[in-house]
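Below is the file input.cif, which contains mmCIF, C-alpha atoms (C1' of nucleotides).
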```cif
data_input
loop_
_atom_site.group_PDB
_atom_site.id
_atom_site.type_symbol
_atom_site.label_atom_id
_atom_site.label_comp_id
_atom_site.auth_asym_id
_atom_site.auth_seq_id
_atom_site.Cartn_x
_atom_site.Cartn_y
_atom_site.Cartn_z
ATOM 1 C CA MET A 130 99.818 101.139 121.904
ATOM 2 C CA ARG A 131 97.617 102.400 119.075
ATOM 3 C CA ILE A 132 98.982 104.599 116.296
ATOM 4 C CA ALA A 133 96.794 106.186 113.635
ATOM 5 C CA THR A 134 97.152 108.313 110.528
ATOM 6 C CA PHE A 135 94.496 110.662 109.171
ATOM 7 C CA ASN A 136 94.505 113.113 106.273
ATOM 8 C CA VAL A 137 91.962 115.567 107.663
ATOM 9 C CA ASN A 138 91.659 117.940 104.665
ATOM 10 C CA SER A 139 91.681 121.037 106.932
ATOM 11 C CA VAL A 140 91.987 120.482 110.662
ATOM 12 C CA LYS A 141 89.687 123.429 111.413
ATOM 13 C CA GLN A 142 86.872 121.841 109.405
ATOM 14 C CA ARG A 143 87.401 118.522 111.156
ATOM 15 C CA ILE A 144 87.515 119.390 114.872
ATOM 16 C CA GLU A 145 84.136 117.883 115.820
ATOM 17 C CA ALA A 146 84.582 114.754 113.699
ATOM 18 C CA MET A 147 88.069 114.267 115.127
ATOM 19 C CA GLN A 148 86.971 114.691 118.727
ATOM 20 C CA ARG A 149 84.277 112.043 118.261
ATOM 21 C CA TRP A 150 86.746 109.693 116.579
ATOM 22 C CA LEU A 151 89.531 110.230 119.147
ATOM 23 C CA LYS A 152 87.175 109.297 121.974
ATOM 24 C CA GLU A 153 85.900 106.222 120.172
ATOM 25 C CA ARG A 154 89.138 104.825 118.674
ATOM 26 C CA ALA A 155 91.365 106.180 121.456
ATOM 27 C CA PRO A 156 94.680 106.211 119.571
ATOM 28 C CA ASP A 157 97.791 106.998 121.633
ATOM 29 C CA ILE A 158 99.520 108.663 118.699
ATOM 30 C CA VAL A 159 97.970 110.307 115.636
ATOM 31 C CA CYS A 160 99.737 111.522 112.500
ATOM 32 C CA LEU A 161 97.745 114.229 110.717
ATOM 33 C CA GLN A 162 98.114 115.521 107.168
ATOM 34 C CA GLU A 163 96.660 118.424 105.184
ATOM 35 C CA ILE A 164 95.952 120.496 108.262
ATOM 36 C CA LYS A 165 95.938 123.548 105.935
ATOM 37 C CA CYS A 166 96.894 126.099 108.568
ATOM 38 C CA VAL A 167 99.952 127.725 110.081
ATOM 39 C CA ASP A 168 101.284 126.597 113.471
ATOM 40 C CA GLU A 169 99.732 129.578 115.274
ATOM 41 C CA SER A 170 96.192 128.801 114.121
ATOM 42 C CA PHE A 171 96.279 125.048 114.810
ATOM 43 C CA PRO A 172 93.427 124.284 117.254
ATOM 44 C CA ARG A 173 95.777 122.853 119.883
ATOM 45 C CA SER A 174 93.443 123.028 122.852
ATOM 46 C CA ALA A 175 90.792 120.902 121.102
ATOM 47 C CA PHE A 176 93.292 118.034 121.366
ATOM 48 C CA GLU A 177 95.160 119.031 124.523
ATOM 49 C CA ASP A 178 91.807 118.900 126.317
ATOM 50 C CA LEU A 179 91.629 115.209 125.341
ATOM 51 C CA GLY A 180 95.067 114.538 126.812
ATOM 52 C CA TYR A 181 97.259 114.856 123.731
ATOM 53 C CA ASN A 182 100.591 116.597 123.340
ATOM 54 C CA VAL A 183 100.749 118.437 120.036
ATOM 55 C CA ALA A 184 103.543 118.999 117.505
ATOM 56 C CA VAL A 185 102.782 121.009 114.374
ATOM 57 C CA HIS A 186 104.556 121.754 111.124
ATOM 58 C CA GLY A 187 102.017 123.953 109.399
ATOM 59 C CA GLN A 188 101.682 125.983 106.238
ATOM 60 C CA LYS A 189 99.186 128.544 105.006
ATOM 61 C CA THR A 190 96.380 127.165 102.794
ATOM 62 C CA TYR A 191 98.076 123.942 101.693
ATOM 63 C CA ASN A 192 99.730 120.862 103.140
ATOM 64 C CA GLY A 193 100.748 120.928 106.802
ATOM 65 C CA VAL A 194 101.348 117.957 109.109
ATOM 66 C CA ALA A 195 101.051 117.351 112.842
ATOM 67 C CA ILE A 196 101.479 114.675 115.484
ATOM 68 C CA LEU A 197 99.241 114.159 118.512
ATOM 69 C CA SER A 198 100.581 111.986 121.314
ATOM 70 C CA LYS A 199 99.468 110.927 124.754
ATOM 71 C CA PHE A 200 103.172 110.438 125.517
ATOM 72 C CA PRO A 201 105.829 113.153 125.603
ATOM 73 C CA LEU A 202 107.099 114.284 122.211
ATOM 74 C CA ASP A 203 110.880 114.567 122.140
ATOM 75 C CA GLU A 204 113.266 115.510 119.356
ATOM 76 C CA VAL A 205 110.559 116.973 117.141
ATOM 77 C CA ALA A 206 111.960 117.634 113.665
ATOM 78 C CA PRO A 207 110.173 119.041 110.610
ATOM 79 C CA LYS A 208 111.236 118.489 106.999
ATOM 80 C CA LEU A 209 112.717 115.622 105.094
ATOM 81 C CA PRO A 210 116.481 115.982 104.593
ATOM 82 C CA GLY A 211 117.817 116.836 101.159
ATOM 83 C CA GLY A 212 115.272 119.430 100.063
ATOM 84 C CA GLU A 213 116.762 122.873 100.553
ATOM 85 C CA ALA A 214 114.430 124.288 97.887
ATOM 86 C CA ASP A 215 111.393 122.388 99.162
ATOM 87 C CA ASP A 216 109.168 124.780 101.109
ATOM 88 C CA HIS A 217 106.149 122.464 101.478
ATOM 89 C CA ALA A 218 105.215 121.351 105.007
ATOM 90 C CA ARG A 219 104.969 117.615 104.358
ATOM 91 C CA TYR A 220 107.072 115.864 106.994
ATOM 92 C CA LEU A 221 107.272 115.888 110.772
ATOM 93 C CA GLU A 222 109.217 113.397 112.851
ATOM 94 C CA ALA A 223 109.282 112.864 116.595
ATOM 95 C CA VAL A 224 110.805 110.547 119.132
ATOM 96 C CA ILE A 225 108.206 109.399 121.638
ATOM 97 C CA SER A 226 109.014 108.080 125.097
ATOM 98 C CA THR A 227 106.607 105.263 125.834
ATOM 99 C CA GLY A 228 108.009 104.051 129.129
ATOM 100 C CA ALA A 229 108.890 100.778 127.386
ATOM 101 C CA GLY A 230 111.631 102.220 125.237
ATOM 102 C CA ILE A 231 111.483 104.789 122.492
ATOM 103 C CA LEU A 232 109.393 104.874 119.373
ATOM 104 C CA ARG A 233 110.122 107.060 116.366
ATOM 105 C CA VAL A 234 107.127 108.293 114.405
ATOM 106 C CA ALA A 235 106.843 110.460 111.301
ATOM 107 C CA SER A 236 103.777 112.094 109.787
ATOM 108 C CA ILE A 237 104.123 112.052 106.014
ATOM 109 C CA TYR A 238 102.235 113.902 103.282
ATOM 110 C CA LEU A 239 103.752 112.687 100.061
ATOM 111 C CA PRO A 240 103.103 114.893 97.021
ATOM 112 C CA ASN A 241 100.156 114.016 94.781
ATOM 113 C CA GLY A 242 102.190 114.437 91.578
ATOM 114 C CA ASN A 243 99.396 115.029 89.090
ATOM 115 C CA PRO A 244 99.488 115.722 86.278
ATOM 116 C CA PRO A 245 102.176 113.195 85.361
ATOM 117 C CA GLY A 246 104.842 114.231 82.920
ATOM 118 C CA GLY A 247 105.384 117.650 84.437
ATOM 119 C CA GLU A 248 107.361 119.169 87.248
ATOM 120 C CA LYS A 249 104.789 118.133 89.852
ATOM 121 C CA TYR A 250 105.396 114.503 89.045
ATOM 122 C CA GLN A 251 109.176 115.030 89.094
ATOM 123 C CA TYR A 252 108.783 116.634 92.526
ATOM 124 C CA LYS A 253 106.849 113.577 93.717
ATOM 125 C CA LEU A 254 109.479 111.120 92.484
ATOM 126 C CA ALA A 255 112.320 113.191 93.943
ATOM 127 C CA TRP A 256 110.453 113.387 97.260
ATOM 128 C CA MET A 257 110.087 109.606 97.262
ATOM 129 C CA ASP A 258 113.834 109.272 96.661
ATOM 130 C CA ARG A 259 114.518 111.568 99.607
ATOM 131 C CA LEU A 260 112.117 109.559 101.757
ATOM 132 C CA ARG A 261 113.898 106.324 100.835
ATOM 133 C CA LEU A 262 117.322 107.745 101.732
ATOM 134 C CA HIS A 263 116.070 109.099 105.042
ATOM 135 C CA ALA A 264 114.241 105.860 105.870
ATOM 136 C CA ARG A 265 117.388 103.894 105.101
ATOM 137 C CA SER A 266 119.305 106.040 107.549
ATOM 138 C CA LEU A 267 116.605 105.739 110.244
ATOM 139 C CA LEU A 268 116.474 101.963 109.833
ATOM 140 C CA GLU A 269 120.126 101.782 110.881
ATOM 141 C CA ASN A 270 118.950 102.678 114.387
ATOM 142 C CA GLU A 271 117.209 99.283 114.571
ATOM 143 C CA GLU A 272 114.406 100.770 116.648
ATOM 144 C CA PRO A 273 110.619 100.707 116.413
ATOM 145 C CA LEU A 274 109.822 103.186 113.627
ATOM 146 C CA VAL A 275 106.458 104.084 112.124
ATOM 147 C CA LEU A 276 106.308 106.188 108.961
ATOM 148 C CA ALA A 277 102.619 106.976 108.725
ATOM 149 C CA GLY A 278 100.706 109.185 106.393
ATOM 150 C CA ASP A 279 99.127 109.977 103.075
ATOM 151 C CA TYR A 280 101.578 108.439 100.605
ATOM 152 C CA ASN A 281 99.463 109.271 97.566
ATOM 153 C CA VAL A 282 100.441 105.831 96.272
ATOM 154 C CA ILE A 283 98.113 102.984 95.322
ATOM 155 C CA PRO A 284 100.523 100.088 95.941
ATOM 156 C CA SER A 285 98.780 97.407 93.878
ATOM 157 C CA PRO A 286 95.666 96.700 91.762
ATOM 158 C CA ALA A 287 94.081 95.162 94.880
ATOM 159 C CA ASP A 288 94.125 98.631 96.423
ATOM 160 C CA VAL A 289 91.805 100.304 93.899
ATOM 161 C CA TYR A 290 88.186 99.634 92.911
ATOM 162 C CA ASP A 291 88.988 99.794 89.195
ATOM 163 C CA PRO A 292 92.661 99.665 88.193
ATOM 164 C CA LYS A 293 91.748 100.719 84.637
ATOM 165 C CA ALA A 294 90.248 103.966 85.891
ATOM 166 C CA TRP A 295 93.515 104.928 87.602
ATOM 167 C CA GLU A 296 95.866 103.838 84.848
ATOM 168 C CA GLY A 297 98.106 106.773 84.004
ATOM 169 C CA ASP A 298 97.400 108.614 87.257
ATOM 170 C CA ALA A 299 100.380 109.819 89.317
ATOM 171 C CA LEU A 300 99.129 107.726 92.254
ATOM 172 C CA PHE A 301 99.231 104.470 90.295
ATOM 173 C CA LEU A 302 101.892 104.847 87.594
ATOM 174 C CA PRO A 303 104.509 102.064 87.438
ATOM 175 C CA ALA A 304 107.295 104.509 88.387
ATOM 176 C CA THR A 305 105.335 105.573 91.479
ATOM 177 C CA ARG A 306 104.651 102.019 92.589
ATOM 178 C CA GLU A 307 108.272 101.077 91.932
ATOM 179 C CA LYS A 308 109.481 103.747 94.353
ATOM 180 C CA PHE A 309 106.954 102.580 96.943
ATOM 181 C CA ARG A 310 108.281 99.032 96.585
ATOM 182 C CA ALA A 311 111.801 100.426 97.054
ATOM 183 C CA LEU A 312 110.670 101.453 100.558
ATOM 184 C CA GLU A 313 109.502 97.895 101.172
ATOM 185 C CA TYR A 314 112.828 96.512 99.926
ATOM 186 C CA LEU A 315 114.549 98.530 102.670
ATOM 187 C CA GLY A 316 112.610 96.424 105.152
ATOM 188 C CA LEU A 317 109.598 98.632 105.791
ATOM 189 C CA VAL A 318 106.354 96.699 106.208
ATOM 190 C CA ASP A 319 102.947 97.909 104.981
ATOM 191 C CA ALA A 320 100.995 97.205 108.184
ATOM 192 C CA LEU A 321 97.558 96.829 106.580
ATOM 193 C CA ARG A 322 98.824 94.268 104.090
ATOM 194 C CA ALA A 323 100.745 92.450 106.821
ATOM 195 C CA THR A 324 97.434 91.735 108.523
ATOM 196 C CA SER A 325 94.962 91.313 105.658
ATOM 197 C CA ASP A 326 94.745 90.116 102.051
ATOM 198 C CA GLU A 327 91.213 91.436 101.754
ATOM 199 C CA ALA A 328 90.284 93.382 98.652
ATOM 200 C CA GLY A 329 88.310 96.572 98.967
ATOM 201 C CA LEU A 330 90.284 98.067 101.855
ATOM 202 C CA TYR A 331 90.257 101.755 100.996
ATOM 203 C CA THR A 332 91.223 104.960 102.797
ATOM 204 C CA PHE A 333 90.075 107.574 100.270
ATOM 205 C CA TRP A 334 86.890 108.199 98.295
ATOM 206 C CA ASP A 335 86.503 111.267 96.092
ATOM 207 C CA TYR A 336 83.889 113.803 97.167
ATOM 208 C CA GLN A 337 82.601 113.756 93.587
ATOM 209 C CA ALA A 338 80.348 111.434 91.667
ATOM 210 C CA GLY A 339 78.998 109.530 94.664
ATOM 211 C CA ALA A 340 82.310 107.702 94.965
ATOM 212 C CA PHE A 341 81.721 106.573 98.549
ATOM 213 C CA GLN A 342 78.191 105.316 97.878
ATOM 214 C CA LYS A 343 79.592 103.195 95.045
ATOM 215 C CA ASN A 344 82.658 102.237 97.111
ATOM 216 C CA ASN A 345 84.895 103.678 94.406
ATOM 217 C CA GLY A 346 87.847 103.981 96.753
ATOM 218 C CA ILE A 347 91.609 103.703 96.799
ATOM 219 C CA ARG A 348 94.079 102.756 99.543
ATOM 220 C CA ILE A 349 96.714 105.479 99.743
ATOM 221 C CA ASP A 350 97.193 106.112 103.481
ATOM 222 C CA HIS A 351 99.779 103.759 104.897
ATOM 223 C CA LEU A 352 101.620 102.895 108.104
ATOM 224 C CA MET A 353 105.066 101.615 107.185
ATOM 225 C CA LEU A 354 106.908 99.768 109.952
ATOM 226 C CA SER A 355 110.526 98.988 110.691
ATOM 227 C CA PRO A 356 111.199 95.303 111.499
ATOM 228 C CA GLN A 357 111.348 96.216 115.201
ATOM 229 C CA ALA A 358 107.866 97.746 114.972
ATOM 230 C CA ALA A 359 106.486 95.011 112.684
ATOM 231 C CA ASP A 360 107.565 92.401 115.242
ATOM 232 C CA LYS A 361 105.134 94.016 117.667
ATOM 233 C CA LEU A 362 102.224 94.405 115.220
ATOM 234 C CA VAL A 363 99.086 92.798 116.628
ATOM 235 C CA GLY A 364 96.330 94.519 114.686
ATOM 236 C CA ALA A 365 95.442 97.039 112.001
ATOM 237 C CA GLY A 366 92.288 98.670 110.748
ATOM 238 C CA ILE A 367 90.615 101.368 108.691
ATOM 239 C CA ASP A 368 87.782 103.483 110.089
ATOM 240 C CA LYS A 369 85.643 103.449 106.957
ATOM 241 C CA HIS A 370 82.547 104.592 108.829
ATOM 242 C CA MET A 371 84.155 108.025 109.233
ATOM 243 C CA ARG A 372 83.597 108.695 105.539
ATOM 244 C CA GLY A 373 79.849 108.368 106.008
ATOM 245 C CA GLY A 374 79.738 110.610 109.072
ATOM 246 C CA GLU A 375 79.008 114.300 109.492
ATOM 247 C CA LYS A 376 81.362 116.640 107.572
ATOM 248 C CA PRO A 377 83.787 113.917 106.506
ATOM 249 C CA SER A 378 87.285 114.330 105.165
ATOM 250 C CA ASP A 379 87.744 112.572 101.825
ATOM 251 C CA HIS A 380 90.218 110.299 103.656
ATOM 252 C CA VAL A 381 89.509 108.101 106.686
ATOM 253 C CA PRO A 382 91.854 107.136 109.540
ATOM 254 C CA ALA A 383 93.986 103.999 109.385
ATOM 255 C CA TRP A 384 95.532 102.581 112.544
ATOM 256 C CA ILE A 385 97.688 99.850 114.047
ATOM 257 C CA ASP A 386 98.069 98.231 117.431
ATOM 258 C CA LEU A 387 101.606 97.488 118.621
ATOM 259 C CA ALA A 388 102.345 95.238 121.582
ATOM 260 C CA ILE A 389 104.223 97.938 123.451
ATOM 261 C CA GLU A 390 103.558 98.231 127.130
ATOM 262 C CA LYS A 391 102.242 101.657 128.171
ATOM 263 C CA ARG A 392 103.576 103.184 131.319
ATOM 264 C "C1'" DA B 296 73.395 107.474 80.775
ATOM 265 C "C1'" DT B 297 75.922 111.130 82.671
ATOM 266 C "C1'" DG B 298 77.715 113.598 86.212
ATOM 267 C "C1'" DG B 299 77.809 114.928 90.560
ATOM 268 C "C1'" DC B 300 82.842 118.040 95.636
ATOM 269 C "C1'" DC B 301 85.283 120.481 99.051
ATOM 270 C "C1'" DA B 302 88.493 123.928 101.258
ATOM 271 C "C1'" DA B 303 91.116 128.280 101.366
ATOM 272 C "C1'" DT B 304 91.654 132.821 99.717
ATOM 273 C "C1'" DA B 305 90.416 139.571 101.202
ATOM 274 C "C1'" DT B 306 86.381 135.321 97.754
ATOM 275 C "C1'" DG B 307 82.485 136.259 94.434
ATOM 276 C "C1'" DA B 308 86.738 133.149 90.719
ATOM 277 C "C1'" DT B 309 90.765 130.525 91.131
ATOM 278 C "C1'" DT B 310 93.738 126.871 92.736
ATOM 279 C "C1'" DG B 311 94.685 122.385 94.490
ATOM 280 C "C1'" DG B 312 93.356 118.071 95.805
ATOM 281 C "C1'" DA B 313 93.206 112.679 94.076
#
```
Representation of the structure as structure tokens:
Amino acid sequence: MRIATFNVNSVKQRIEAMQRWLKERAPDIVCLQEIKCVDESFPRSAFEDLGYNVAVHGQKTYNGVAILSKFPLDEVAPKLPGGEADDHARYLEAVISTGAGILRVASIYLPNGNPPGGEKYQYKLAWMDRLRLHARSLLENEEPLVLAGDYNVIPSPADVYDPKAWEGDALFLPATREKFRALEYLGLVDALRATSDEAGLYTFWDYQAGAFQKNNGIRIDHLMLSPQAADKLVGAGIDKHMRGGEKPSDHVPAWIDLAIEKR
DNA sequence: ATGGCCAATATGATTGGA
């Protein structure tokens, strides 16, 4: 069972690149972020033709998340609880029947939060608090749970090419990293770091300034696992080559393999 | 040495991203 996350930076601009990648990496479940379109204009058939079921929580111009799954999508629920005034499409959760029990998956697009010190950063921190409360509640189910997406958080100095360059940025501020650790304290496991101590594992390179050519990257896309999912973790990876391909997103896919029998 | 981009929008400039 392979589960991936990919911030596509406009799904319509990424159809060809995604189709190539889906055939090559063959994930069973994919969490997408920044689809940048409303539900009605999501290119469903491009993915249905490859055997995926599609769930979309879209928004015009900005944000927007989706889940693709080769297995049936049940109990699809948009929005993170506790944000009555929050009209951004940044969260979509689904229960997936695998044949070997259920798996709960959420596609997460955590706010960027820049510039710090203003209401955008407050929104980010509040969103992280809401995510922690919801995750705590989901963890009570004691089931395989994967919270995958663009967290807009650089967890540690090992996850950025030059920590100095990101000092003071909303993605790397101590308060941001503290709230990310609070997710880990609940029992959620950062799948990439559970399988590798390697430095230089990045999921994002800016379009500007030749960042990819210089490998000036950051690791901000994460798959966070409940203990029941982490127990089944057998592999994880980042598809860095996607950043060098035709019409790339500024993010690349990250994925995990879980030892869950497919039926 | 410095700086360099991309996507969406009734668009030819602005906003947001990270």
### Query
If you apply the PyMOL selection byres ((chain A) within 7 of (chain B)) to this file, what residues do you get, as a list in words?
Thr190, Tyr336, Gln337, Ala338 and Gly339 of chain A
Go ahead and dump the residues you just picked, C-alpha atoms, as an mmCIF file, in the frame of the given file.
```cif
data_model
loop_
_atom_site.group_PDB
_atom_site.id
_atom_site.type_symbol
_atom_site.label_atom_id
_atom_site.label_comp_id
_atom_site.auth_asym_id
_atom_site.auth_seq_id
_atom_site.Cartn_x
_atom_site.Cartn_y
_atom_site.Cartn_z
ATOM 1 C CA THR A 190 96.380 127.165 102.794
ATOM 2 C CA TYR A 336 83.889 113.803 97.167
ATOM 3 C CA GLN A 337 82.601 113.756 93.587
ATOM 4 C CA ALA A 338 80.348 111.434 91.667
ATOM 5 C CA GLY A 339 78.998 109.530 94.664
#
```
### Query
CA of Glu271 in chain A and CA of Gln162 in chain A, how far apart in Å?
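Atom-to-atom, CA of Gln162 in chain A to CA of Glu271 in chain A, that is 26.1 Å.
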Evaluate the PyMOL selection byres ((chain A and resi 363-373) around 8) on the structure here and hand back the selected residues as an mmCIF file with C-alpha atoms, in the coordinates of the input.
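Written out: out.cif:
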```
data_model
loop_
_atom_site.group_PDB
_atom_site.id
_atom_site.type_symbol
_atom_site.label_atom_id
_atom_site.label_comp_id
_atom_site.auth_asym_id
_atom_site.auth_seq_id
_atom_site.Cartn_x
_atom_site.Cartn_y
_atom_site.Cartn_z
ATOM 1 C CA TRP A 150 86.746 109.693 116.579
ATOM 2 C CA ALA A 320 100.995 97.205 108.184
ATOM 3 C CA LEU A 321 97.558 96.829 106.580
ATOM 4 C CA THR A 324 97.434 91.735 108.523
ATOM 5 C CA LEU A 330 90.284 98.067 101.855
ATOM 6 C CA TYR A 331 90.257 101.755 100.996
ATOM 7 C CA THR A 332 91.223 104.960 102.797
ATOM 8 C CA TRP A 334 86.890 108.199 98.295
ATOM 9 C CA PHE A 341 81.721 106.573 98.549
ATOM 10 C CA LYS A 361 105.134 94.016 117.667
ATOM 11 C CA LEU A 362 102.224 94.405 115.220
ATOM 12 C CA GLY A 374 79.738 110.610 109.072
ATOM 13 C CA GLU A 375 79.008 114.300 109.492
ATOM 14 C CA PRO A 377 83.787 113.917 106.506
ATOM 15 C CA SER A 378 87.285 114.330 105.165
ATOM 16 C CA ASP A 379 87.744 112.572 101.825
ATOM 17 C CA HIS A 380 90.218 110.299 103.656
ATOM 18 C CA VAL A 381 89.509 108.101 106.686
ATOM 19 C CA PRO A 382 91.854 107.136 109.540
ATOM 20 C CA ALA A 383 93.986 103.999 109.385
ATOM 21 C CA TRP A 384 95.532 102.581 112.544
ATOM 22 C CA ILE A 385 97.688 99.850 114.047
ATOM 23 C CA ASP A 386 98.069 98.231 117.431
ATOM 24 C CA LEU A 387 101.606 97.488 118.621
ATOM 25 C CA ALA A 388 102.345 95.238 121.582
#
```
### Task
Considering only C-alpha atoms (C1' of nucleotides), return as a PyMOL selection string whatever protein or nucleic-acid residues lie within 9 Å of Gln148 in chain A, sequence-local ones (same chain, fewer than 4 positions apart) excluded.
chain A and resi 143-144+152-153+175-176+179
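In this comparison, which uses all atoms listed in the file, the residue of A:Ala218, A:Leu254, A:Ala146, A:Ile237 approaching Cys166 in chain A most closely is A:Ala218.
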### Task
Mind checking which residues fall within 9 Å of Pro245 in chain A, counting all atoms listed in the file, ignoring those fewer than 2 positions away in the same chain, and posting them as a PyMOL selection string?
chain A and resi 242-243+247-251+297-299+302
### Task
Run through the PyMOL selection byres ((chain A and resi 307) around 12) on the given coordinates and return the selected residues as a PyMOL selection string.
chain A and resi 254+257-258+261+282-285+300-306+308-314
### Query
Which is closest to Met353 in chain A among A:Ile389, A:Ala214, A:Ala264, A:Val137, if we use all atoms listed in the file?
A:Ala264
### Message
Can you measure CA of Ser170 in chain A to CA of Ala184 in chain A for me? One decimal in Å is fine.
### Response
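CA of Ala184 in chain A lies 12.7 Å from CA of Ser170 in chain A.
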#### Entry: Residue contacts of Lys199 in chain A (12 Å, all atoms listed in the file) excluding same-chain residues fewer than 3 positions away, as a PyMOL selection string
chain A and resi 130-132+151+155-159+176-184+196+202+225-228+391-392
### Message
As an exercise, work out the distance from CA of Ser139 in chain A to CA of Ser198 in chain A in Å and give it to one decimal place.
### Response
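These two atoms are separated by 19.2 Å.
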### Option closest in space to Arg154 in chain A, from A:Leu352, A:Arg265, A:Tyr252, A:Ala133 [counting only C-alpha atoms]
A:Ala133
Take every atom of range 303-312 of chain B listed in the file, pad by 8 Å on each side, and give me the axis-aligned box centre and edge lengths in Å, one decimal, as lines of an AutoDock Vina configuration file.
```
center_x = 88.6
center_y = 128.8
center_z = 96.0
size_x = 28.2
size_y = 37.5
size_z = 26.6
```
(92.8, 102.1, 98.4) in this file's frame - what residues fall within 8 Å of it? Use all atoms listed in the file and give the answer as a PDB file with C-alpha atoms, in the coordinates of the input.
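Written output follows (selection08.pdb):
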```pdb
ATOM      1  CA  ILE A 283      98.113 102.984  95.322  1.00  0.00           C
ATOM      2  CA  ALA A 287      94.081  95.162  94.880  1.00  0.00           C
ATOM      3  CA  ASP A 288      94.125  98.631  96.423  1.00  0.00           C
ATOM      4  CA  VAL A 289      91.805 100.304  93.899  1.00  0.00           C
ATOM      5  CA  TYR A 290      88.186  99.634  92.911  1.00  0.00           C
ATOM      6  CA  GLY A 329      88.310  96.572  98.967  1.00  0.00           C
ATOM      7  CA  LEU A 330      90.284  98.067 101.855  1.00  0.00           C
ATOM      8  CA  TYR A 331      90.257 101.755 100.996  1.00  0.00           C
ATOM      9  CA  THR A 332      91.223 104.960 102.797  1.00  0.00           C
ATOM     10  CA  PHE A 333      90.075 107.574 100.270  1.00  0.00           C
ATOM     11  CA  GLY A 346      87.847 103.981  96.753  1.00  0.00           C
ATOM     12  CA  ILE A 347      91.609 103.703  96.799  1.00  0.00           C
ATOM     13  CA  ARG A 348      94.079 102.756  99.543  1.00  0.00           C
ATOM     14  CA  ILE A 349      96.714 105.479  99.743  1.00  0.00           C
ATOM     15  CA  ASP A 350      97.193 106.112 103.481  1.00  0.00           C
TER      16      ASP A 350
END
```
